[in-house]
file start_36.pdb (PDB, C-alpha atoms, pLDDT in the B column)
ATOM      1  CA  MET P   1       1.328   8.073   3.939  1.00 56.00           C
ATOM      2  CA  ARG P   2      -0.675   8.913   0.850  1.00 50.00           C
ATOM      3  CA  ARG P   3      -2.841  11.991   0.851  1.00 42.00           C
ATOM      4  CA  LEU P   4      -5.763  10.021  -0.630  1.00 40.00           C
ATOM      5  CA  ILE P   5      -5.647   7.024   1.672  1.00 47.00           C
ATOM      6  CA  CYS P   6      -8.589   8.493   3.569  1.00 44.00           C
ATOM      7  CA  THR P   7     -10.737   8.214   0.452  1.00 42.00           C
ATOM      8  CA  ALA P   8      -9.569   4.681  -0.198  1.00 43.00           C
ATOM      9  CA  PHE P   9     -10.526   3.310   3.167  1.00 49.00           C
ATOM     10  CA  ALA P  10     -13.742   5.297   3.267  1.00 43.00           C
ATOM     11  CA  VAL P  11     -14.786   3.338   0.180  1.00 42.00           C
ATOM     12  CA  SER P  12     -13.503  -0.076   1.167  1.00 41.00           C
ATOM     13  CA  LEU P  13     -14.452  -0.061   4.836  1.00 40.00           C
ATOM     14  CA  SER P  14     -17.807   1.676   4.942  1.00 38.00           C
ATOM     15  CA  ALA P  15     -19.586  -1.675   4.881  1.00 37.00           C
ATOM     16  CA  CYS P  16     -17.487  -2.912   7.803  1.00 35.00           C
ATOM     17  CA  ALA P  17     -18.464  -0.377  10.434  1.00 31.00           C
ATOM     18  CA  ASN P  18     -20.422  -2.927  12.431  1.00 31.00           C
ATOM     19  CA  GLU P  19     -18.024  -5.879  12.165  1.00 31.00           C
ATOM     20  CA  VAL P  20     -17.265  -7.861  15.314  1.00 26.00           C
ATOM     21  CA  LEU P  21     -13.591  -7.714  16.315  1.00 26.00           C
ATOM     22  CA  ASN P  22     -11.132  -9.825  18.218  1.00 26.00           C
ATOM     23  CA  GLY P  23      -7.561  -8.634  18.579  1.00 29.00           C
ATOM     24  CA  PRO P  24      -5.150  -6.451  20.526  1.00 28.00           C
ATOM     25  CA  ARG P  25      -6.857  -4.443  23.275  1.00 26.00           C
ATOM     26  CA  VAL P  26     -10.126  -6.311  22.652  1.00 29.00           C
ATOM     27  CA  ASP P  27     -11.131  -9.053  25.069  1.00 28.00           C
ATOM     28  CA  PRO P  28     -11.636 -12.191  22.914  1.00 28.00           C
ATOM     29  CA  ALA P  29     -14.078 -13.529  25.459  1.00 29.00           C
ATOM     30  CA  ARG P  30     -16.281 -10.458  25.027  1.00 28.00           C
ATOM     31  CA  PRO P  31     -16.348  -9.517  21.327  1.00 33.00           C
ATOM     32  CA  ILE P  32     -17.722  -6.045  20.728  1.00 35.00           C
ATOM     33  CA  SER P  33     -18.991  -4.230  17.679  1.00 38.00           C
ATOM     34  CA  ALA P  34     -16.869  -1.627  15.961  1.00 40.00           C
ATOM     35  CA  SER P  35     -19.294   1.130  16.893  1.00 39.00           C
ATOM     36  CA  ALA P  36     -19.156   0.154  20.564  1.00 39.00           C
ATOM     37  CA  ALA P  37     -15.361   0.140  20.530  1.00 39.00           C
ATOM     38  CA  GLN P  38     -14.981   3.680  19.272  1.00 41.00           C
ATOM     39  CA  GLY P  39     -15.280   5.329  22.681  1.00 51.00           C
ATOM     40  CA  SER P  40     -12.390   3.478  24.291  1.00 66.00           C
ATOM     41  CA  ALA P  41      -9.987   1.056  22.648  1.00 87.00           C
ATOM     42  CA  PRO P  42      -9.056   1.360  18.979  1.00 89.00           C
ATOM     43  CA  THR P  43     -11.141  -0.564  16.492  1.00 91.00           C
ATOM     44  CA  ILE P  44      -9.047  -3.080  14.571  1.00 95.00           C
ATOM     45  CA  LEU P  45     -10.271  -4.489  11.272  1.00 94.00           C
ATOM     46  CA  ARG P  46      -8.329  -7.305   9.647  1.00 96.00           C
ATOM     47  CA  PHE P  47      -8.092  -7.829   5.931  1.00 95.00           C
ATOM     48  CA  PRO P  48      -9.133  -9.800   4.072  1.00 95.00           C
ATOM     49  CA  SER P  49     -11.178 -11.566   6.778  1.00 95.00           C
ATOM     50  CA  GLU P  50     -13.058  -8.515   8.100  1.00 93.00           C
ATOM     51  CA  HIS P  51     -12.857  -6.136   5.160  1.00 83.00           C
ATOM     52  CA  PRO P  52     -11.637  -6.427   1.576  1.00 87.00           C
ATOM     53  CA  GLY P  53      -8.350  -4.594   2.054  1.00 88.00           C
ATOM     54  CA  PRO P  54      -6.761  -1.728   0.141  1.00 89.00           C
ATOM     55  CA  PRO P  55      -8.730  -0.646  -2.958  1.00 89.00           C
ATOM     56  CA  TYR P  56      -5.634  -0.009  -5.047  1.00 94.00           C
ATOM     57  CA  TYR P  57      -3.201  -2.135  -7.004  1.00 97.00           C
ATOM     58  CA  ALA P  58       0.282  -0.907  -6.135  1.00 98.00           C
ATOM     59  CA  LEU P  59       2.292   1.295  -3.789  1.00 97.00           C
ATOM     60  CA  PHE P  60       2.915   3.819  -6.524  1.00 97.00           C
ATOM     61  CA  GLU P  61       1.318   7.068  -7.745  1.00 96.00           C
ATOM     62  CA  ARG P  62       2.136  10.593  -8.837  1.00 95.00           C
ATOM     63  CA  GLY P  63       4.887  11.872  -6.609  1.00 94.00           C
ATOM     64  CA  PHE P  64       5.310   8.481  -4.907  1.00 96.00           C
ATOM     65  CA  ALA P  65       8.120   6.582  -6.619  1.00 97.00           C
ATOM     66  CA  PRO P  66      10.794   5.482  -4.123  1.00 98.00           C
ATOM     67  CA  ASN P  67      14.083   5.244  -5.969  1.00 98.00           C
ATOM     68  CA  ASP P  68      17.714   4.446  -5.227  1.00 98.00           C
ATOM     69  CA  ASN P  69      20.808   3.969  -7.375  1.00 96.00           C
ATOM     70  CA  GLY P  70      18.801   4.820 -10.479  1.00 98.00           C
ATOM     71  CA  TRP P  71      16.065   2.225  -9.825  1.00 98.00           C
ATOM     72  CA  VAL P  72      12.411   2.607  -8.775  1.00 98.00           C
ATOM     73  CA  GLY P  73      10.599  -0.102  -6.814  1.00 98.00           C
ATOM     74  CA  ILE P  74       6.864  -0.754  -7.223  1.00 98.00           C
ATOM     75  CA  VAL P  75       5.138  -3.211  -4.877  1.00 98.00           C
ATOM     76  CA  PHE P  76       1.854  -4.722  -6.064  1.00 98.00           C
ATOM     77  CA  VAL P  77      -0.557  -5.380  -3.203  1.00 98.00           C
ATOM     78  CA  ARG P  78      -3.005  -6.807  -5.761  1.00 97.00           C
ATOM     79  CA  ASP P  79      -2.239  -9.301  -8.511  1.00 98.00           C
ATOM     80  CA  PRO P  80      -0.729  -7.238 -11.350  1.00 98.00           C
ATOM     81  CA  SER P  81      -2.308  -9.527 -13.960  1.00 97.00           C
ATOM     82  CA  CYS P  82      -5.676  -8.220 -12.745  1.00 97.00           C
ATOM     83  CA  VAL P  83      -4.940  -4.534 -13.398  1.00 97.00           C
ATOM     84  CA  PRO P  84      -7.264  -3.265 -16.174  1.00 97.00           C
ATOM     85  CA  ALA P  85      -5.380  -2.617 -19.384  1.00 97.00           C
ATOM     86  CA  GLY P  86      -6.529   1.003 -19.601  1.00 96.00           C
ATOM     87  CA  PHE P  87      -6.028   1.979 -15.946  1.00 97.00           C
ATOM     88  CA  ASN P  88      -3.538   4.772 -15.270  1.00 98.00           C
ATOM     89  CA  LEU P  89      -1.336   3.543 -12.417  1.00 98.00           C
ATOM     90  CA  LEU P  90      -0.449   7.141 -11.567  1.00 98.00           C
ATOM     91  CA  ASN P  91      -4.038   7.619 -10.362  1.00 97.00           C
ATOM     92  CA  PHE P  92      -3.531   5.106  -7.514  1.00 95.00           C
ATOM     93  CA  PHE P  93      -7.314   4.505  -7.163  1.00 92.00           C
ATOM     94  CA  ASP P  94      -9.807   3.553  -9.821  1.00 90.00           C
ATOM     95  CA  SER P  95     -13.490   4.404  -9.708  1.00 87.00           C
ATOM     96  CA  PRO P  96     -15.460   2.340  -9.047  1.00 88.00           C
ATOM     97  CA  PRO P  97     -12.818   0.484  -6.975  1.00 89.00           C
ATOM     98  CA  THR P  98     -12.492  -2.577  -9.197  1.00 94.00           C
ATOM     99  CA  ALA P  99      -9.172  -3.391  -7.521  1.00 96.00           C
ATOM    100  CA  LEU P 100     -11.219  -4.974  -4.740  1.00 94.00           C
ATOM    101  CA  ALA P 101     -12.037  -7.846  -7.101  1.00 95.00           C
ATOM    102  CA  CYS P 102      -8.343  -8.664  -7.585  1.00 96.00           C
ATOM    103  CA  ALA P 103      -6.448 -11.128  -5.417  1.00 96.00           C
ATOM    104  CA  LEU P 104      -4.554  -9.574  -2.513  1.00 97.00           C
ATOM    105  CA  THR P 105      -0.845 -10.257  -2.137  1.00 98.00           C
ATOM    106  CA  VAL P 106      -0.846  -8.943   1.443  1.00 98.00           C
ATOM    107  CA  GLU P 107      -2.835  -9.314   4.642  1.00 97.00           C
ATOM    108  CA  GLY P 108      -2.992  -7.052   7.646  1.00 97.00           C
ATOM    109  CA  GLU P 109      -4.887  -4.813   9.997  1.00 96.00           C
ATOM    110  CA  ALA P 110      -6.182  -1.245  10.090  1.00 92.00           C
ATOM    111  CA  TRP P 111      -6.468   0.665  13.382  1.00 91.00           C
ATOM    112  CA  TRP P 112      -9.308   3.191  13.730  1.00 87.00           C
ATOM    113  CA  HIS P 113     -10.263   5.831  16.255  1.00 87.00           C
ATOM    114  CA  ASP P 114     -13.730   5.827  14.711  1.00 86.00           C
ATOM    115  CA  VAL P 115     -14.634   3.736  11.681  1.00 82.00           C
ATOM    116  CA  SER P 116     -17.141   6.362  10.577  1.00 82.00           C
ATOM    117  CA  VAL P 117     -14.370   8.971  10.352  1.00 82.00           C
ATOM    118  CA  PRO P 118     -11.615   7.790   7.972  1.00 75.00           C
ATOM    119  CA  PRO P 119      -8.757   7.280   7.585  1.00 78.00           C
ATOM    120  CA  PRO P 120      -7.473   4.581   9.939  1.00 83.00           C
ATOM    121  CA  PHE P 121      -4.638   5.948  12.004  1.00 88.00           C
ATOM    122  CA  GLN P 122      -2.415   2.930  11.354  1.00 91.00           C
ATOM    123  CA  ILE P 123      -2.238   0.212   8.713  1.00 93.00           C
ATOM    124  CA  HIS P 124      -0.020  -2.856   8.988  1.00 97.00           C
ATOM    125  CA  GLU P 125       0.495  -5.158   5.995  1.00 97.00           C
ATOM    126  CA  ARG P 126       2.437  -8.384   5.561  1.00 98.00           C
ATOM    127  CA  GLY P 127       3.171 -10.307   2.403  1.00 98.00           C
ATOM    128  CA  VAL P 128       1.395 -13.585   1.803  1.00 95.00           C
ATOM    129  CA  GLY P 129       3.395 -15.921  -0.377  1.00 88.00           C
ATOM    130  CA  ALA P 130       5.291 -14.209  -3.170  1.00 95.00           C
ATOM    131  CA  VAL P 131       4.544 -10.481  -3.448  1.00 98.00           C
ATOM    132  CA  PRO P 132       5.202  -9.055  -6.944  1.00 98.00           C
ATOM    133  CA  VAL P 133       7.762  -6.241  -6.961  1.00 98.00           C
ATOM    134  CA  TYR P 134       8.696  -4.454 -10.183  1.00 98.00           C
ATOM    135  CA  PHE P 135      11.939  -2.532 -10.606  1.00 98.00           C
ATOM    136  CA  VAL P 136      12.574  -0.145 -13.489  1.00 98.00           C
ATOM    137  CA  ARG P 137      15.211   2.428 -14.289  1.00 98.00           C
ATOM    138  CA  TRP P 138      14.132   5.815 -12.940  1.00 98.00           C
ATOM    139  CA  SER P 139      15.326   7.556 -16.105  1.00 98.00           C
ATOM    140  CA  GLU P 140      13.215   5.277 -18.310  1.00 98.00           C
ATOM    141  CA  LEU P 141      10.175   5.600 -16.054  1.00 98.00           C
ATOM    142  CA  GLN P 142      10.395   9.392 -16.125  1.00 98.00           C
ATOM    143  CA  VAL P 143      10.178   9.304 -19.910  1.00 98.00           C
ATOM    144  CA  ALA P 144       7.251   6.866 -19.768  1.00 98.00           C
ATOM    145  CA  ILE P 145       5.222   9.065 -17.405  1.00 98.00           C
ATOM    146  CA  ALA P 146       5.982  12.345 -19.132  1.00 98.00           C
ATOM    147  CA  ASP P 147       2.449  12.249 -20.573  1.00 98.00           C
ATOM    148  CA  ASP P 148       1.030  11.775 -17.040  1.00 98.00           C
ATOM    149  CA  ALA P 149      -0.083   8.217 -17.765  1.00 98.00           C
ATOM    150  CA  LEU P 150       1.283   4.745 -17.156  1.00 98.00           C
ATOM    151  CA  THR P 151      -0.673   1.573 -17.875  1.00 98.00           C
ATOM    152  CA  ILE P 152       0.322  -1.893 -16.744  1.00 98.00           C
ATOM    153  CA  GLY P 153       1.174  -2.740 -20.353  1.00 98.00           C
ATOM    154  CA  GLU P 154       3.464   0.271 -20.652  1.00 98.00           C
ATOM    155  CA  LEU P 155       5.162  -0.597 -17.367  1.00 98.00           C
ATOM    156  CA  GLU P 156       5.689  -4.212 -18.348  1.00 98.00           C
ATOM    157  CA  GLY P 157       7.004  -3.114 -21.740  1.00 98.00           C
ATOM    158  CA  LEU P 158       9.862  -1.019 -20.343  1.00 98.00           C
ATOM    159  CA  SER P 159      13.214  -2.428 -21.422  1.00 98.00           C
ATOM    160  CA  SER P 160      14.802  -2.088 -17.989  1.00 98.00           C
ATOM    161  CA  LEU P 161      12.028  -3.947 -16.132  1.00 98.00           C
ATOM    162  CA  LEU P 162      13.108  -6.482 -13.543  1.00 98.00           C
ATOM    163  CA  ILE P 163      10.358  -8.531 -11.899  1.00 98.00           C
ATOM    164  CA  GLY P 164      10.821 -10.002  -8.463  1.00 98.00           C
ATOM    165  CA  GLU P 165       8.843 -11.805  -5.803  1.00 98.00           C
ATOM    166  CA  ALA P 166       9.218 -10.789  -2.178  1.00 98.00           C
ATOM    167  CA  SER P 167       9.292 -13.740   0.195  1.00 98.00           C
ATOM    168  CA  PHE P 168       9.279 -11.249   3.086  1.00 98.00           C
ATOM    169  CA  LEU P 169       7.398  -7.954   3.135  1.00 98.00           C
ATOM    170  CA  GLU P 170       6.233  -5.678   5.934  1.00 98.00           C
ATOM    171  CA  HIS P 171       4.552  -2.321   5.338  1.00 98.00           C
ATOM    172  CA  VAL P 172       3.414   0.058   8.082  1.00 96.00           C
ATOM    173  CA  VAL P 173       1.496   3.312   7.539  1.00 92.00           C
ATOM    174  CA  HIS P 174       1.007   5.996  10.210  1.00 91.00           C
ATOM    175  CA  ASN P 175      -1.566   8.542   9.094  1.00 83.00           C
ATOM    176  CA  THR P 176      -1.728  12.184  10.140  1.00 77.00           C
ATOM    177  CA  ASN P 177      -4.678  11.639  12.495  1.00 79.00           C
ATOM    178  CA  GLN P 178      -2.449  10.238  15.222  1.00 74.00           C
ATOM    179  CA  PRO P 179      -0.062  12.256  17.404  1.00 66.00           C
ATOM    180  CA  THR P 180       2.950  12.416  15.112  1.00 63.00           C
ATOM    181  CA  ASN P 181       4.561  15.328  13.337  1.00 66.00           C
ATOM    182  CA  HIS P 182       3.729  13.996   9.886  1.00 77.00           C
ATOM    183  CA  GLY P 183       2.118  10.999   8.307  1.00 86.00           C
ATOM    184  CA  HIS P 184       4.762   8.465   7.407  1.00 91.00           C
ATOM    185  CA  GLU P 185       5.249   4.892   6.278  1.00 94.00           C
ATOM    186  CA  THR P 186       7.946   2.249   6.121  1.00 97.00           C
ATOM    187  CA  LEU P 187       8.419  -0.778   3.915  1.00 98.00           C
ATOM    188  CA  VAL P 188      10.897  -3.625   4.196  1.00 98.00           C
ATOM    189  CA  SER P 189      11.027  -6.413   1.605  1.00 98.00           C
ATOM    190  CA  ARG P 190      13.389  -8.990   0.236  1.00 98.00           C
ATOM    191  CA  GLY P 191      13.147 -11.805  -2.258  1.00 98.00           C
ATOM    192  CA  ARG P 192      14.377 -12.973  -5.661  1.00 98.00           C
ATOM    193  CA  LEU P 193      14.284 -11.632  -9.179  1.00 98.00           C
ATOM    194  CA  GLU P 194      13.244 -13.744 -12.147  1.00 97.00           C
ATOM    195  CA  ASP P 195      16.904 -13.922 -13.203  1.00 97.00           C
ATOM    196  CA  GLY P 196      17.800 -15.629  -9.913  1.00 98.00           C
ATOM    197  CA  ARG P 197      19.448 -12.703  -8.153  1.00 98.00           C
ATOM    198  CA  SER P 198      18.273 -11.656  -4.709  1.00 98.00           C
ATOM    199  CA  PHE P 199      16.945  -8.192  -3.962  1.00 98.00           C
ATOM    200  CA  GLU P 200      16.331  -5.964  -0.979  1.00 98.00           C
ATOM    201  CA  PHE P 201      13.903  -3.058  -1.208  1.00 98.00           C
ATOM    202  CA  ARG P 202      13.117  -0.802   1.711  1.00 98.00           C
ATOM    203  CA  TYR P 203      12.113   2.795   2.300  1.00 98.00           C
ATOM    204  CA  ASN P 204      11.026   5.365   4.854  1.00 96.00           C
ATOM    205  CA  GLU P 205       8.553   7.950   3.608  1.00 95.00           C
ATOM    206  CA  LYS P 206       7.140  11.134   5.133  1.00 93.00           C
ATOM    207  CA  PHE P 207       4.142  13.074   3.842  1.00 89.00           C
ATOM    208  CA  LEU P 208       4.232  16.873   4.049  1.00 88.00           C
ATOM    209  CA  PRO P 209       0.616  18.093   4.207  1.00 84.00           C
ATOM    210  CA  GLU P 210       1.767  21.684   3.849  1.00 85.00           C
ATOM    211  CA  THR P 211       2.956  21.024   0.297  1.00 88.00           C
ATOM    212  CA  GLY P 212       1.328  17.679  -0.529  1.00 85.00           C
ATOM    213  CA  GLU P 213       4.760  16.166  -1.123  1.00 91.00           C
ATOM    214  CA  HIS P 214       6.118  12.720  -0.340  1.00 92.00           C
ATOM    215  CA  VAL P 215       9.730  12.726   0.766  1.00 94.00           C
ATOM    216  CA  PHE P 216      11.929   9.676   1.194  1.00 96.00           C
ATOM    217  CA  PRO P 217      14.687  10.152   3.789  1.00 95.00           C
ATOM    218  CA  ASN P 218      15.900   6.606   3.183  1.00 97.00           C
ATOM    219  CA  VAL P 219      15.498   4.243   0.230  1.00 98.00           C
ATOM    220  CA  LYS P 220      17.492   1.101  -0.454  1.00 98.00           C
ATOM    221  CA  ILE P 221      17.280  -0.974  -3.616  1.00 98.00           C
ATOM    222  CA  GLU P 222      19.973  -3.591  -3.905  1.00 98.00           C
ATOM    223  CA  PHE P 223      20.464  -6.583  -6.196  1.00 98.00           C
ATOM    224  CA  LYS P 224      22.930  -9.387  -5.480  1.00 96.00           C
TER     225      LYS P 224
END

call {"tool": "encode", "arguments": {"input": "start_36.pdb", "output": "structure tokens"}}
result
Amino acid sequence: MRRLICTAFAVSLSACANEVLNGPRVDPARPISASAAQGSAPTILRFPSEHPGPPYYALFERGFAPNDNGWVGIVFVRDPSCVPAGFNLLNFFDSPPTALACALTVEGEAWWHDVSVPPPFQIHERGVGAVPVYFVRWSELQVAIADDALTIGELEGLSSLLIGEASFLEHVVHNTNQPTNHGHETLVSRGRLEDGRSFEFRYNEKFLPETGEHVFPNVKIEFK
């Protein structure tokens, strides 16, 4: 769970507050507006059909770099070829949110208690087609971000870079505005690298609001 995800969905979903929904806990025979749903069942907005989806490029930012066995995994939920050359990937969001103009590599749903009060309390994402996943050596990445900046060109220029495509990806975010101890998220993915090897990348993350830290109790990055 990222501490700024509230801001992200406030930007991307503000125009969707009055969308008509059909989905879990909503009677498809009696579609209701988002505003009418707020008092009872959760409001569910699907992306990209009902809103444009996450206004960021990758599951990566300052303090959020899941790593295992010396490797870091970076999932791109937007087409990496669309990332502006000068954008600092450590910032997660750009302003204005030009990521919204880039092709999504995932689809999913966001669950809201009240669409006028972000963030959504749950987000579910699934890969569509081949989801780009970049792997780089953690030691090399640490050197690259020592100046607190990392552009897409710098990332793609790292000598240890391995590029893969996930044929399966599921990502679930539980934010801190639901009855859990901490915000947390899980990701499970598998696919193939450009060199033909298979990969598995998964993690469990927990956000500590007391310190603003992301901790990763479990991360697995494996190449075969």

call {"tool": "residues_around", "arguments": {"input": "start_36.pdb", "residues": "range 72-86 of chain P", "least_positions_apart": "3", "cutoff": "6 Å", "atoms": "all atoms listed in the file", "output": "PyMOL selection string"}}
result
chain P and resi 57-59+66-67+102-106+132-136+138

call {"tool": "write_last_selection", "arguments": {"input": "start_36.pdb", "atoms": "C-alpha atoms", "output": "short mmCIF file (atom, residue, chain, number, x, y, z; two decimals), in the coordinates of the input"}}
result
data_model
loop_
_atom_site.label_atom_id
_atom_site.label_comp_id
_atom_site.auth_asym_id
_atom_site.auth_seq_id
_atom_site.Cartn_x
_atom_site.Cartn_y
_atom_site.Cartn_z
CA TYR P 57 -3.20 -2.13 -7.00
CA ALA P 58 0.28 -0.91 -6.14
CA LEU P 59 2.29 1.30 -3.79
CA PRO P 66 10.79 5.48 -4.12
CA ASN P 67 14.08 5.24 -5.97
CA CYS P 102 -8.34 -8.66 -7.58
CA ALA P 103 -6.45 -11.13 -5.42
CA LEU P 104 -4.55 -9.57 -2.51
CA THR P 105 -0.84 -10.26 -2.14
CA VAL P 106 -0.85 -8.94 1.44
CA PRO P 132 5.20 -9.06 -6.94
CA VAL P 133 7.76 -6.24 -6.96
CA TYR P 134 8.70 -4.45 -10.18
CA PHE P 135 11.94 -2.53 -10.61
CA VAL P 136 12.57 -0.14 -13.49
CA TRP P 138 14.13 5.82 -12.94
#

call {"tool": "closest_residue", "arguments": {"input": "start_36.pdb", "among": "P:Leu158, P:Asp114, P:His174, P:Ile221", "to": "Val143 in chain P", "atoms": "all atoms listed in the file"}}
result
P:Leu158

call {"tool": "closest_residue", "arguments": {"input": "start_36.pdb", "among": "P:Thr211, P:Thr186, P:Gln178, P:Asn218", "to": "Pro42 in chain P", "atoms": "all atoms listed in the file"}}
result
P:Gln178

call {"tool": "resolve_selection", "arguments": {"input": "start_36.pdb", "expression": "the PyMOL selection byres ((chain P and resi 109) around 8)", "output": "ChimeraX atom specification"}}
result
/P:44-47,107-108,110-111,123-125

call {"tool": "resolve_selection", "arguments": {"input": "start_36.pdb", "expression": "the PyMOL selection byres ((chain P and resi 185) around 12)", "output": "number ranges by chain"}}
result
P: 1-2, 59, 64, 66, 121-125, 170-176, 180, 182-184, 186-188, 202-207, 214-219

call {"tool": "write_last_selection", "arguments": {"input": "start_36.pdb", "atoms": "C-alpha atoms", "output": "compact mmCIF listing (two decimals), in the coordinates of the input"}}
result
# COMPACT_ATOMS: atom_id res chain seq x y z
CA MET P 1 1.33 8.07 3.94
CA ARG P 2 -0.68 8.91 0.85
CA LEU P 59 2.29 1.30 -3.79
CA PHE P 64 5.31 8.48 -4.91
CA PRO P 66 10.79 5.48 -4.12
CA PHE P 121 -4.64 5.95 12.00
CA GLN P 122 -2.42 2.93 11.35
CA ILE P 123 -2.24 0.21 8.71
CA HIS P 124 -0.02 -2.86 8.99
CA GLU P 125 0.50 -5.16 6.00
CA GLU P 170 6.23 -5.68 5.93
CA HIS P 171 4.55 -2.32 5.34
CA VAL P 172 3.41 0.06 8.08
CA VAL P 173 1.50 3.31 7.54
CA HIS P 174 1.01 6.00 10.21
CA ASN P 175 -1.57 8.54 9.09
CA THR P 176 -1.73 12.18 10.14
CA THR P 180 2.95 12.42 15.11
CA HIS P 182 3.73 14.00 9.89
CA GLY P 183 2.12 11.00 8.31
CA HIS P 184 4.76 8.46 7.41
CA THR P 186 7.95 2.25 6.12
CA LEU P 187 8.42 -0.78 3.92
CA VAL P 188 10.90 -3.62 4.20
CA ARG P 202 13.12 -0.80 1.71
CA TYR P 203 12.11 2.80 2.30
CA ASN P 204 11.03 5.36 4.85
CA GLU P 205 8.55 7.95 3.61
CA LYS P 206 7.14 11.13 5.13
CA PHE P 207 4.14 13.07 3.84
CA HIS P 214 6.12 12.72 -0.34
CA VAL P 215 9.73 12.73 0.77
CA PHE P 216 11.93 9.68 1.19
CA PRO P 217 14.69 10.15 3.79
CA ASN P 218 15.90 6.61 3.18
CA VAL P 219 15.50 4.24 0.23
